[in-house]
Amino acid sequence: MGRLNEFIARAANKEDDVKGRFWESRFKCTALIDTAAIAACMAYVDLNPIRAGQADSPEVSDFTSIQERIRAWIHHSLTQDSLPIEVIQKPNDTNCIPDPAPAGNSSDSTADWLCPIQSDALRRGILHISTAEYLDLVDKSGRLLKSGKRGAIDADLAPILLRIGLKPDAWLDTITRFESRFRLAAGLLSSLRSFADQIGKHWLTGLTAARAAFVTSA
């Protein structure tokens, strides 16, 4: 990462004919040591364009993996003739999911470079929830962020969050401050303690955040 950052910084400075620091700070690498941490970090990254005000919802976040996942899921659902009624576009719905990707940009090409959300017969997935549940999780979280509401989590999302080890009442705080809450590693409190033992440390930054964001065990 350091070598990649240096190469990009030198190229950008040369292009702009300037000198000096290009990146705001040094790169960081945080180990995601369990499902809860992976889910929280994925949502944090997938919702970056919404927090930055560059998109109104995940499905219209250009050049992001979440948009690719949504388009691939719709494409697959349409080919299976089983598109859920929730994603059927309504006349007055300005945040409806866009049409599937055009020909030549099918779900097969997406599946080649994006790790699937849920395991299937061919590939190991990332989380213990379905693709539809993850997309719903990110979409509803994005709408909460966009509307500025930091209140209660949708009742449908709470069971999903609990199944992957996340506390519903701390969800919005976790996905908006993930990078500042954790440093060397992120995960359940028990996972962090095991990780600290593995690398020979007695304490890790993020224990308090883990206690607040994740359930005791999952």
# chains A, B, ... in the order shown; residues from 1 in each chain; ligands from 1
>>> residues_around(residues="range 29-34 of chain A", least_positions_apart="6", cutoff="6 Å", atoms="only C-alpha atoms", output="list of chain:residue names")
A:Arg183, A:Leu184, A:Ala185, A:Ala186, A:Gly187
>>> residues_around(residues="range 58-61 of chain A", least_positions_apart="2", cutoff="10 Å", atoms="only C-alpha atoms", output="list in words")
Asp46, Leu47, Asn48, Pro49, Ile50, Gln54, Ala55, Asp56, Phe63, Thr64, Ser65, Ile66, Gln67, Glu68, Arg69, Ile70, Arg71, Asn95, Cys96, Ile97, Pro98, Asp99, Leu135, Val138, Asp139, Lys140, Ser141, Gly142 and Arg143 of chain A
>>> write_last_selection(atoms="N, CA and C atoms", output="mmCIF file, in the first residue's frame")
data_model
loop_
_atom_site.group_PDB
_atom_site.id
_atom_site.type_symbol
_atom_site.label_atom_id
_atom_site.label_comp_id
_atom_site.auth_asym_id
_atom_site.auth_seq_id
_atom_site.Cartn_x
_atom_site.Cartn_y
_atom_site.Cartn_z
ATOM 1 N N ASP A 46 -19.511 0.948 1.366
ATOM 2 C CA ASP A 46 -20.577 1.045 0.369
ATOM 3 C C ASP A 46 -21.392 2.323 0.510
ATOM 4 N N LEU A 47 -21.430 2.893 1.711
ATOM 5 C CA LEU A 47 -22.219 4.112 1.932
ATOM 6 C C LEU A 47 -21.380 5.389 1.864
ATOM 7 N N ASN A 48 -20.108 5.262 1.508
ATOM 8 C CA ASN A 48 -19.244 6.446 1.384
ATOM 9 C C ASN A 48 -19.827 7.524 0.472
ATOM 10 N N PRO A 49 -20.302 7.181 -0.738
ATOM 11 C CA PRO A 49 -20.838 8.216 -1.628
ATOM 12 C C PRO A 49 -22.047 8.943 -1.040
ATOM 13 N N ILE A 50 -22.841 8.253 -0.245
ATOM 14 C CA ILE A 50 -24.021 8.879 0.363
ATOM 15 C C ILE A 50 -23.598 9.830 1.473
ATOM 16 N N GLN A 54 -22.590 12.547 -2.629
ATOM 17 C CA GLN A 54 -22.404 12.347 -4.064
ATOM 18 C C GLN A 54 -23.486 11.470 -4.680
ATOM 19 N N ALA A 55 -24.296 10.832 -3.849
ATOM 20 C CA ALA A 55 -25.375 9.976 -4.352
ATOM 21 C C ALA A 55 -26.518 9.979 -3.341
ATOM 22 N N ASP A 56 -27.731 9.768 -3.851
ATOM 23 C CA ASP A 56 -28.904 9.756 -2.988
ATOM 24 C C ASP A 56 -29.193 8.382 -2.406
ATOM 25 N N PHE A 63 -19.779 3.712 -10.021
ATOM 26 C CA PHE A 63 -18.426 3.183 -9.846
ATOM 27 C C PHE A 63 -18.224 2.561 -8.462
ATOM 28 N N THR A 64 -19.250 1.944 -7.911
ATOM 29 C CA THR A 64 -19.140 1.282 -6.616
ATOM 30 C C THR A 64 -19.534 -0.183 -6.740
ATOM 31 N N SER A 65 -19.022 -1.003 -5.828
ATOM 32 C CA SER A 65 -19.356 -2.421 -5.855
ATOM 33 C C SER A 65 -20.807 -2.655 -5.463
ATOM 34 N N ILE A 66 -21.373 -1.798 -4.592
ATOM 35 C CA ILE A 66 -22.762 -1.999 -4.181
ATOM 36 C C ILE A 66 -23.701 -1.802 -5.373
ATOM 37 N N GLN A 67 -23.400 -0.854 -6.246
ATOM 38 C CA GLN A 67 -24.220 -0.671 -7.442
ATOM 39 C C GLN A 67 -24.095 -1.890 -8.353
ATOM 40 N N GLU A 68 -22.882 -2.424 -8.487
ATOM 41 C CA GLU A 68 -22.673 -3.621 -9.291
ATOM 42 C C GLU A 68 -23.451 -4.800 -8.719
ATOM 43 N N ARG A 69 -23.434 -4.931 -7.401
ATOM 44 C CA ARG A 69 -24.146 -6.044 -6.768
ATOM 45 C C ARG A 69 -25.655 -5.924 -7.000
ATOM 46 N N ILE A 70 -26.185 -4.709 -6.888
ATOM 47 C CA ILE A 70 -27.615 -4.498 -7.092
ATOM 48 C C ILE A 70 -28.004 -4.841 -8.520
ATOM 49 N N ARG A 71 -27.230 -4.375 -9.486
ATOM 50 C CA ARG A 71 -27.539 -4.645 -10.889
ATOM 51 C C ARG A 71 -27.429 -6.140 -11.202
ATOM 52 N N ASN A 95 -36.234 6.921 -5.604
ATOM 53 C CA ASN A 95 -35.063 6.159 -5.198
ATOM 54 C C ASN A 95 -35.148 4.706 -5.634
ATOM 55 N N CYS A 96 -35.983 4.432 -6.641
ATOM 56 C CA CYS A 96 -36.152 3.047 -7.073
ATOM 57 C C CYS A 96 -34.878 2.529 -7.729
ATOM 58 N N ILE A 97 -34.710 1.228 -7.682
ATOM 59 C CA ILE A 97 -33.524 0.609 -8.246
ATOM 60 C C ILE A 97 -33.558 0.725 -9.763
ATOM 61 N N PRO A 98 -32.454 1.135 -10.399
ATOM 62 C CA PRO A 98 -32.439 1.329 -11.844
ATOM 63 C C PRO A 98 -32.534 0.028 -12.618
ATOM 64 N N ASP A 99 -32.690 0.164 -13.931
ATOM 65 C CA ASP A 99 -32.779 -1.009 -14.791
ATOM 66 C C ASP A 99 -31.503 -1.825 -14.710
ATOM 67 N N LEU A 135 -28.286 -6.230 0.583
ATOM 68 C CA LEU A 135 -28.660 -5.067 -0.219
ATOM 69 C C LEU A 135 -29.727 -4.242 0.494
ATOM 70 N N VAL A 138 -28.014 -2.269 3.380
ATOM 71 C CA VAL A 138 -27.279 -1.092 2.931
ATOM 72 C C VAL A 138 -28.227 -0.010 2.415
ATOM 73 N N ASP A 139 -29.247 -0.416 1.666
ATOM 74 C CA ASP A 139 -30.178 0.551 1.100
ATOM 75 C C ASP A 139 -30.915 1.323 2.200
ATOM 76 N N LYS A 140 -31.448 0.603 3.186
ATOM 77 C CA LYS A 140 -32.185 1.277 4.259
ATOM 78 C C LYS A 140 -31.261 2.104 5.136
ATOM 79 N N SER A 141 -30.046 1.625 5.352
ATOM 80 C CA SER A 141 -29.079 2.405 6.125
ATOM 81 C C SER A 141 -28.719 3.678 5.380
ATOM 82 N N GLY A 142 -28.578 3.579 4.067
ATOM 83 C CA GLY A 142 -28.264 4.750 3.256
ATOM 84 C C GLY A 142 -29.362 5.787 3.291
ATOM 85 N N ARG A 143 -30.608 5.332 3.298
ATOM 86 C CA ARG A 143 -31.733 6.272 3.355
ATOM 87 C C ARG A 143 -31.769 6.990 4.695
#
>>> residues_around(residues="range 174-179 of chain A", least_positions_apart="3", cutoff="10 Å", atoms="only C-alpha atoms", output="PDB file with N, CA and C atoms, in the first residue's frame")
ATOM      1  N   LYS A  28      -3.772   3.051   6.175  1.00  0.00           N
ATOM      2  CA  LYS A  28      -4.041   2.173   7.311  1.00  0.00           C
ATOM      3  C   LYS A  28      -4.503   0.816   6.807  1.00  0.00           C
ATOM      4  N   THR A  30      -6.589  -2.348   8.507  1.00  0.00           N
ATOM      5  CA  THR A  30      -7.296  -2.885   9.667  1.00  0.00           C
ATOM      6  C   THR A  30      -7.732  -4.314   9.389  1.00  0.00           C
ATOM      7  N   ALA A  37     -17.372  -7.608  11.925  1.00  0.00           N
ATOM      8  CA  ALA A  37     -16.479  -6.548  11.455  1.00  0.00           C
ATOM      9  C   ALA A  37     -16.530  -6.408   9.942  1.00  0.00           C
ATOM     10  N   ALA A  39     -19.050  -7.142   7.921  1.00  0.00           N
ATOM     11  CA  ALA A  39     -20.327  -6.533   7.538  1.00  0.00           C
ATOM     12  C   ALA A  39     -20.329  -5.034   7.799  1.00  0.00           C
ATOM     13  N   ALA A  40     -19.831  -4.623   8.952  1.00  0.00           N
ATOM     14  CA  ALA A  40     -19.812  -3.203   9.291  1.00  0.00           C
ATOM     15  C   ALA A  40     -18.896  -2.417   8.361  1.00  0.00           C
ATOM     16  N   CYS A  41     -17.728  -2.980   8.058  1.00  0.00           N
ATOM     17  CA  CYS A  41     -16.782  -2.297   7.178  1.00  0.00           C
ATOM     18  C   CYS A  41     -17.323  -2.218   5.752  1.00  0.00           C
ATOM     19  N   MET A  42     -17.952  -3.294   5.284  1.00  0.00           N
ATOM     20  CA  MET A  42     -18.536  -3.281   3.940  1.00  0.00           C
ATOM     21  C   MET A  42     -19.591  -2.184   3.809  1.00  0.00           C
ATOM     22  N   ALA A  43     -20.478  -2.102   4.805  1.00  0.00           N
ATOM     23  CA  ALA A  43     -21.520  -1.080   4.760  1.00  0.00           C
ATOM     24  C   ALA A  43     -20.908   0.314   4.847  1.00  0.00           C
ATOM     25  N   TYR A  44     -19.871   0.469   5.674  1.00  0.00           N
ATOM     26  CA  TYR A  44     -19.179   1.754   5.802  1.00  0.00           C
ATOM     27  C   TYR A  44     -18.630   2.209   4.447  1.00  0.00           C
ATOM     28  N   VAL A  45     -17.990   1.283   3.736  1.00  0.00           N
ATOM     29  CA  VAL A  45     -17.413   1.612   2.426  1.00  0.00           C
ATOM     30  C   VAL A  45     -18.514   1.831   1.385  1.00  0.00           C
ATOM     31  N   ASP A  46     -19.511   0.948   1.366  1.00  0.00           N
ATOM     32  CA  ASP A  46     -20.577   1.045   0.369  1.00  0.00           C
ATOM     33  C   ASP A  46     -21.392   2.323   0.510  1.00  0.00           C
ATOM     34  N   LEU A  47     -21.430   2.893   1.711  1.00  0.00           N
ATOM     35  CA  LEU A  47     -22.219   4.112   1.932  1.00  0.00           C
ATOM     36  C   LEU A  47     -21.380   5.389   1.864  1.00  0.00           C
ATOM     37  N   ASN A  48     -20.108   5.262   1.508  1.00  0.00           N
ATOM     38  CA  ASN A  48     -19.244   6.446   1.384  1.00  0.00           C
ATOM     39  C   ASN A  48     -19.827   7.524   0.472  1.00  0.00           C
ATOM     40  N   ARG A  51     -22.657   9.399   2.311  1.00  0.00           N
ATOM     41  CA  ARG A  51     -22.163  10.290   3.371  1.00  0.00           C
ATOM     42  C   ARG A  51     -21.515  11.531   2.786  1.00  0.00           C
ATOM     43  N   VAL A 138     -28.014  -2.269   3.380  1.00  0.00           N
ATOM     44  CA  VAL A 138     -27.279  -1.092   2.931  1.00  0.00           C
ATOM     45  C   VAL A 138     -28.227  -0.010   2.415  1.00  0.00           C
ATOM     46  N   SER A 141     -30.046   1.625   5.352  1.00  0.00           N
ATOM     47  CA  SER A 141     -29.079   2.405   6.125  1.00  0.00           C
ATOM     48  C   SER A 141     -28.719   3.678   5.380  1.00  0.00           C
ATOM     49  N   GLY A 142     -28.578   3.579   4.067  1.00  0.00           N
ATOM     50  CA  GLY A 142     -28.264   4.750   3.256  1.00  0.00           C
ATOM     51  C   GLY A 142     -29.362   5.787   3.291  1.00  0.00           C
ATOM     52  N   LEU A 145     -29.107   7.656   6.540  1.00  0.00           N
ATOM     53  CA  LEU A 145     -28.008   8.617   6.496  1.00  0.00           C
ATOM     54  C   LEU A 145     -28.381   9.834   5.664  1.00  0.00           C
ATOM     55  N   LEU A 166     -24.068  -7.691  15.171  1.00  0.00           N
ATOM     56  CA  LEU A 166     -24.026  -6.235  15.331  1.00  0.00           C
ATOM     57  C   LEU A 166     -25.198  -5.748  16.176  1.00  0.00           C
ATOM     58  N   LYS A 167     -24.956  -4.728  16.971  1.00  0.00           N
ATOM     59  CA  LYS A 167     -25.991  -4.159  17.823  1.00  0.00           C
ATOM     60  C   LYS A 167     -26.816  -3.141  17.029  1.00  0.00           C
ATOM     61  N   PRO A 168     -28.108  -3.361  16.893  1.00  0.00           N
ATOM     62  CA  PRO A 168     -28.955  -2.443  16.115  1.00  0.00           C
ATOM     63  C   PRO A 168     -28.897  -1.005  16.594  1.00  0.00           C
ATOM     64  N   ASP A 169     -28.875  -0.786  17.930  1.00  0.00           N
ATOM     65  CA  ASP A 169     -28.903   0.585  18.440  1.00  0.00           C
ATOM     66  C   ASP A 169     -27.596   1.334  18.185  1.00  0.00           C
ATOM     67  N   ALA A 170     -26.540   0.617  17.835  1.00  0.00           N
ATOM     68  CA  ALA A 170     -25.250   1.266  17.552  1.00  0.00           C
ATOM     69  C   ALA A 170     -24.897   1.217  16.074  1.00  0.00           C
ATOM     70  N   TRP A 171     -25.793   0.703  15.229  1.00  0.00           N
ATOM     71  CA  TRP A 171     -25.489   0.461  13.827  1.00  0.00           C
ATOM     72  C   TRP A 171     -25.074   1.721  13.079  1.00  0.00           C
ATOM     73  N   PHE A 182     -11.669   1.943  14.955  1.00  0.00           N
ATOM     74  CA  PHE A 182     -10.758   0.799  14.994  1.00  0.00           C
ATOM     75  C   PHE A 182      -9.441   1.142  14.310  1.00  0.00           C
ATOM     76  N   ARG A 183      -8.378   0.496  14.751  1.00  0.00           N
ATOM     77  CA  ARG A 183      -7.057   0.761  14.191  1.00  0.00           C
ATOM     78  C   ARG A 183      -6.466  -0.519  13.579  1.00  0.00           C
ATOM     79  N   ALA A 186     -10.514  -5.085  13.823  1.00  0.00           N
ATOM     80  CA  ALA A 186     -11.908  -4.827  14.192  1.00  0.00           C
ATOM     81  C   ALA A 186     -12.627  -6.156  14.300  1.00  0.00           C
ATOM     82  N   GLY A 206      -9.626   0.015  20.156  1.00  0.00           N
ATOM     83  CA  GLY A 206     -10.881  -0.434  19.577  1.00  0.00           C
ATOM     84  C   GLY A 206     -11.682  -1.358  20.472  1.00  0.00           C
ATOM     85  N   ALA A 209     -14.841   0.397  21.443  1.00  0.00           N
ATOM     86  CA  ALA A 209     -15.720   0.473  20.273  1.00  0.00           C
ATOM     87  C   ALA A 209     -16.347  -0.881  19.976  1.00  0.00           C
ATOM     88  N   ALA A 210     -15.580  -1.945  20.115  1.00  0.00           N
ATOM     89  CA  ALA A 210     -16.098  -3.292  19.874  1.00  0.00           C
ATOM     90  C   ALA A 210     -17.194  -3.636  20.868  1.00  0.00           C
ATOM     91  N   ALA A 212     -19.190  -1.585  22.257  1.00  0.00           N
ATOM     92  CA  ALA A 212     -20.385  -0.791  21.952  1.00  0.00           C
ATOM     93  C   ALA A 212     -21.062  -1.235  20.659  1.00  0.00           C
ATOM     94  N   ALA A 213     -20.282  -1.643  19.663  1.00  0.00           N
ATOM     95  CA  ALA A 213     -20.829  -1.912  18.335  1.00  0.00           C
ATOM     96  C   ALA A 213     -21.291  -3.342  18.119  1.00  0.00           C
ATOM     97  N   PHE A 214     -20.608  -4.303  18.751  1.00  0.00           N
ATOM     98  CA  PHE A 214     -20.875  -5.704  18.468  1.00  0.00           C
ATOM     99  C   PHE A 214     -21.424  -6.427  19.681  1.00  0.00           C
TER     100      PHE A 214
END
>>> select_by_dssp(residues="range 5-213 of chain A", states="strand (DSSP E)", output="PyMOL selection string")
chain A and resi 31-32+185-186
>>> write_last_selection(atoms="N, CA and C atoms", output="mmCIF file, in the first residue's frame")
data_model
loop_
_atom_site.group_PDB
_atom_site.id
_atom_site.type_symbol
_atom_site.label_atom_id
_atom_site.label_comp_id
_atom_site.auth_asym_id
_atom_site.auth_seq_id
_atom_site.Cartn_x
_atom_site.Cartn_y
_atom_site.Cartn_z
ATOM 1 N N ALA A 31 -7.340 -5.233 10.236
ATOM 2 C CA ALA A 31 -7.736 -6.634 10.077
ATOM 3 C C ALA A 31 -9.198 -6.803 10.478
ATOM 4 N N LEU A 32 -9.999 -7.375 9.581
ATOM 5 C CA LEU A 32 -11.404 -7.664 9.871
ATOM 6 C C LEU A 32 -11.472 -9.124 10.274
ATOM 7 N N ALA A 185 -7.158 -3.725 14.218
ATOM 8 C CA ALA A 185 -8.111 -4.802 13.946
ATOM 9 C C ALA A 185 -9.510 -4.389 14.377
ATOM 10 N N ALA A 186 -10.514 -5.085 13.823
ATOM 11 C CA ALA A 186 -11.908 -4.827 14.192
ATOM 12 C C ALA A 186 -12.627 -6.156 14.300
#
>>> select_by_dssp(residues="range 9-211 of chain A", states="helix (DSSP H, G or I)", output="PyMOL selection string")
chain A and resi 9-16+35-46+48-51+58-60+65-79+85-87+107-113+131-147+157-163+168-181+189-198+207-211
>>> write_last_selection(atoms="C-alpha atoms", output="compact mmCIF listing (two decimals), in the first residue's frame")
# COMPACT_ATOMS: atom_id res chain seq x y z
CA ALA A 9 1.19 10.71 -5.32
CA ARG A 10 4.18 11.20 -7.63
CA ALA A 11 2.03 10.79 -10.75
CA ALA A 12 -0.62 13.22 -9.50
CA ASN A 13 1.93 15.85 -8.46
CA LYS A 14 3.68 15.55 -11.81
CA GLU A 15 0.35 15.96 -13.63
CA ASP A 16 -0.51 19.07 -11.61
CA THR A 35 -18.29 -11.59 10.27
CA ALA A 36 -19.53 -8.64 12.32
CA ALA A 37 -16.48 -6.55 11.46
CA ILE A 38 -16.65 -7.49 7.78
CA ALA A 39 -20.33 -6.53 7.54
CA ALA A 40 -19.81 -3.20 9.29
CA CYS A 41 -16.78 -2.30 7.18
CA MET A 42 -18.54 -3.28 3.94
CA ALA A 43 -21.52 -1.08 4.76
CA TYR A 44 -19.18 1.75 5.80
CA VAL A 45 -17.41 1.61 2.43
CA ASP A 46 -20.58 1.05 0.37
CA ASN A 48 -19.24 6.45 1.38
CA PRO A 49 -20.84 8.22 -1.63
CA ILE A 50 -24.02 8.88 0.36
CA ARG A 51 -22.16 10.29 3.37
CA PRO A 58 -26.69 2.95 -3.09
CA GLU A 59 -28.26 1.94 -6.41
CA VAL A 60 -27.26 5.25 -8.02
CA SER A 65 -19.36 -2.42 -5.85
CA ILE A 66 -22.76 -2.00 -4.18
CA GLN A 67 -24.22 -0.67 -7.44
CA GLU A 68 -22.67 -3.62 -9.29
CA ARG A 69 -24.15 -6.04 -6.77
CA ILE A 70 -27.61 -4.50 -7.09
CA ARG A 71 -27.54 -4.65 -10.89
CA ALA A 72 -26.24 -8.22 -10.88
CA TRP A 73 -28.90 -9.28 -8.38
CA ILE A 74 -31.67 -7.73 -10.47
CA HIS A 75 -30.27 -9.33 -13.63
CA HIS A 76 -30.20 -12.73 -11.93
CA SER A 77 -33.70 -12.25 -10.50
CA LEU A 78 -35.10 -11.30 -13.88
CA THR A 79 -33.52 -14.29 -15.60
CA ILE A 85 -42.26 -7.16 -5.61
CA GLU A 86 -40.32 -4.78 -3.36
CA VAL A 87 -38.02 -3.73 -6.21
CA SER A 107 -24.12 -10.59 -13.59
CA ASP A 108 -21.65 -13.20 -14.81
CA SER A 109 -18.95 -10.57 -15.33
CA THR A 110 -19.75 -9.06 -11.93
CA ALA A 111 -19.50 -12.44 -10.25
CA ASP A 112 -16.01 -12.86 -11.66
CA TRP A 113 -14.50 -10.04 -9.61
CA THR A 131 -27.55 -11.07 -1.00
CA ALA A 132 -31.05 -9.62 -0.85
CA GLU A 133 -30.75 -9.09 2.92
CA TYR A 134 -27.39 -7.33 2.56
CA LEU A 135 -28.66 -5.07 -0.22
CA ASP A 136 -31.71 -4.22 1.88
CA LEU A 137 -29.47 -3.52 4.87
CA VAL A 138 -27.28 -1.09 2.93
CA ASP A 139 -30.18 0.55 1.10
CA LYS A 140 -32.18 1.28 4.26
CA SER A 141 -29.08 2.41 6.12
CA GLY A 142 -28.26 4.75 3.26
CA ARG A 143 -31.73 6.27 3.36
CA LEU A 144 -31.36 6.92 7.09
CA LEU A 145 -28.01 8.62 6.50
CA LYS A 146 -29.36 10.68 3.62
CA SER A 147 -32.40 11.87 5.54
CA LEU A 157 -33.14 -4.81 9.91
CA ALA A 158 -32.68 -5.63 13.59
CA PRO A 159 -32.82 -9.44 13.14
CA ILE A 160 -30.33 -9.26 10.25
CA LEU A 161 -27.90 -7.20 12.32
CA LEU A 162 -28.18 -9.50 15.32
CA ARG A 163 -27.54 -12.59 13.19
CA PRO A 168 -28.96 -2.44 16.11
CA ASP A 169 -28.90 0.59 18.44
CA ALA A 170 -25.25 1.27 17.55
CA TRP A 171 -25.49 0.46 13.83
CA LEU A 172 -25.56 4.00 12.41
CA ASP A 173 -22.69 5.11 14.62
CA THR A 174 -20.68 2.04 13.59
CA ILE A 175 -21.10 2.59 9.84
CA THR A 176 -20.37 6.31 10.02
CA ARG A 177 -17.32 6.15 12.30
CA PHE A 178 -15.88 2.71 11.57
CA GLU A 179 -12.46 3.95 10.43
CA SER A 180 -11.96 6.19 13.45
CA ARG A 181 -13.19 3.57 15.94
CA LEU A 189 -14.51 -8.25 21.82
CA SER A 190 -13.59 -11.92 22.12
CA SER A 191 -12.12 -11.88 18.61
CA LEU A 192 -9.99 -8.83 19.37
CA ARG A 193 -8.63 -10.42 22.53
CA SER A 194 -7.71 -13.59 20.63
CA PHE A 195 -6.09 -11.50 17.89
CA ALA A 196 -4.07 -9.55 20.47
CA ASP A 197 -2.77 -12.82 21.93
CA GLN A 198 -1.79 -14.03 18.46
CA LEU A 207 -11.87 -2.60 22.55
CA THR A 208 -14.33 0.03 23.79
CA ALA A 209 -15.72 0.47 20.27
CA ALA A 210 -16.10 -3.29 19.87
CA ARG A 211 -17.99 -3.52 23.14
>>> closest_residue(among="A:Ile117, A:Arg124, A:Phe27, A:Val18", to="Glu6 in chain A", atoms="only C-alpha atoms")
A:Phe27
>>> atom_distance(atom1="CA of Asp156 in chain A", atom2="CA of Asp62 in chain A")
26.9 Å
>>> atom_distance(atom1="CA of Gly2 in chain A", atom2="CA of Ser25 in chain A")
11.3 Å
>>> atom_distance(atom1="CA of Thr216 in chain A", atom2="CA of Pro116 in chain A")
26.6 Å
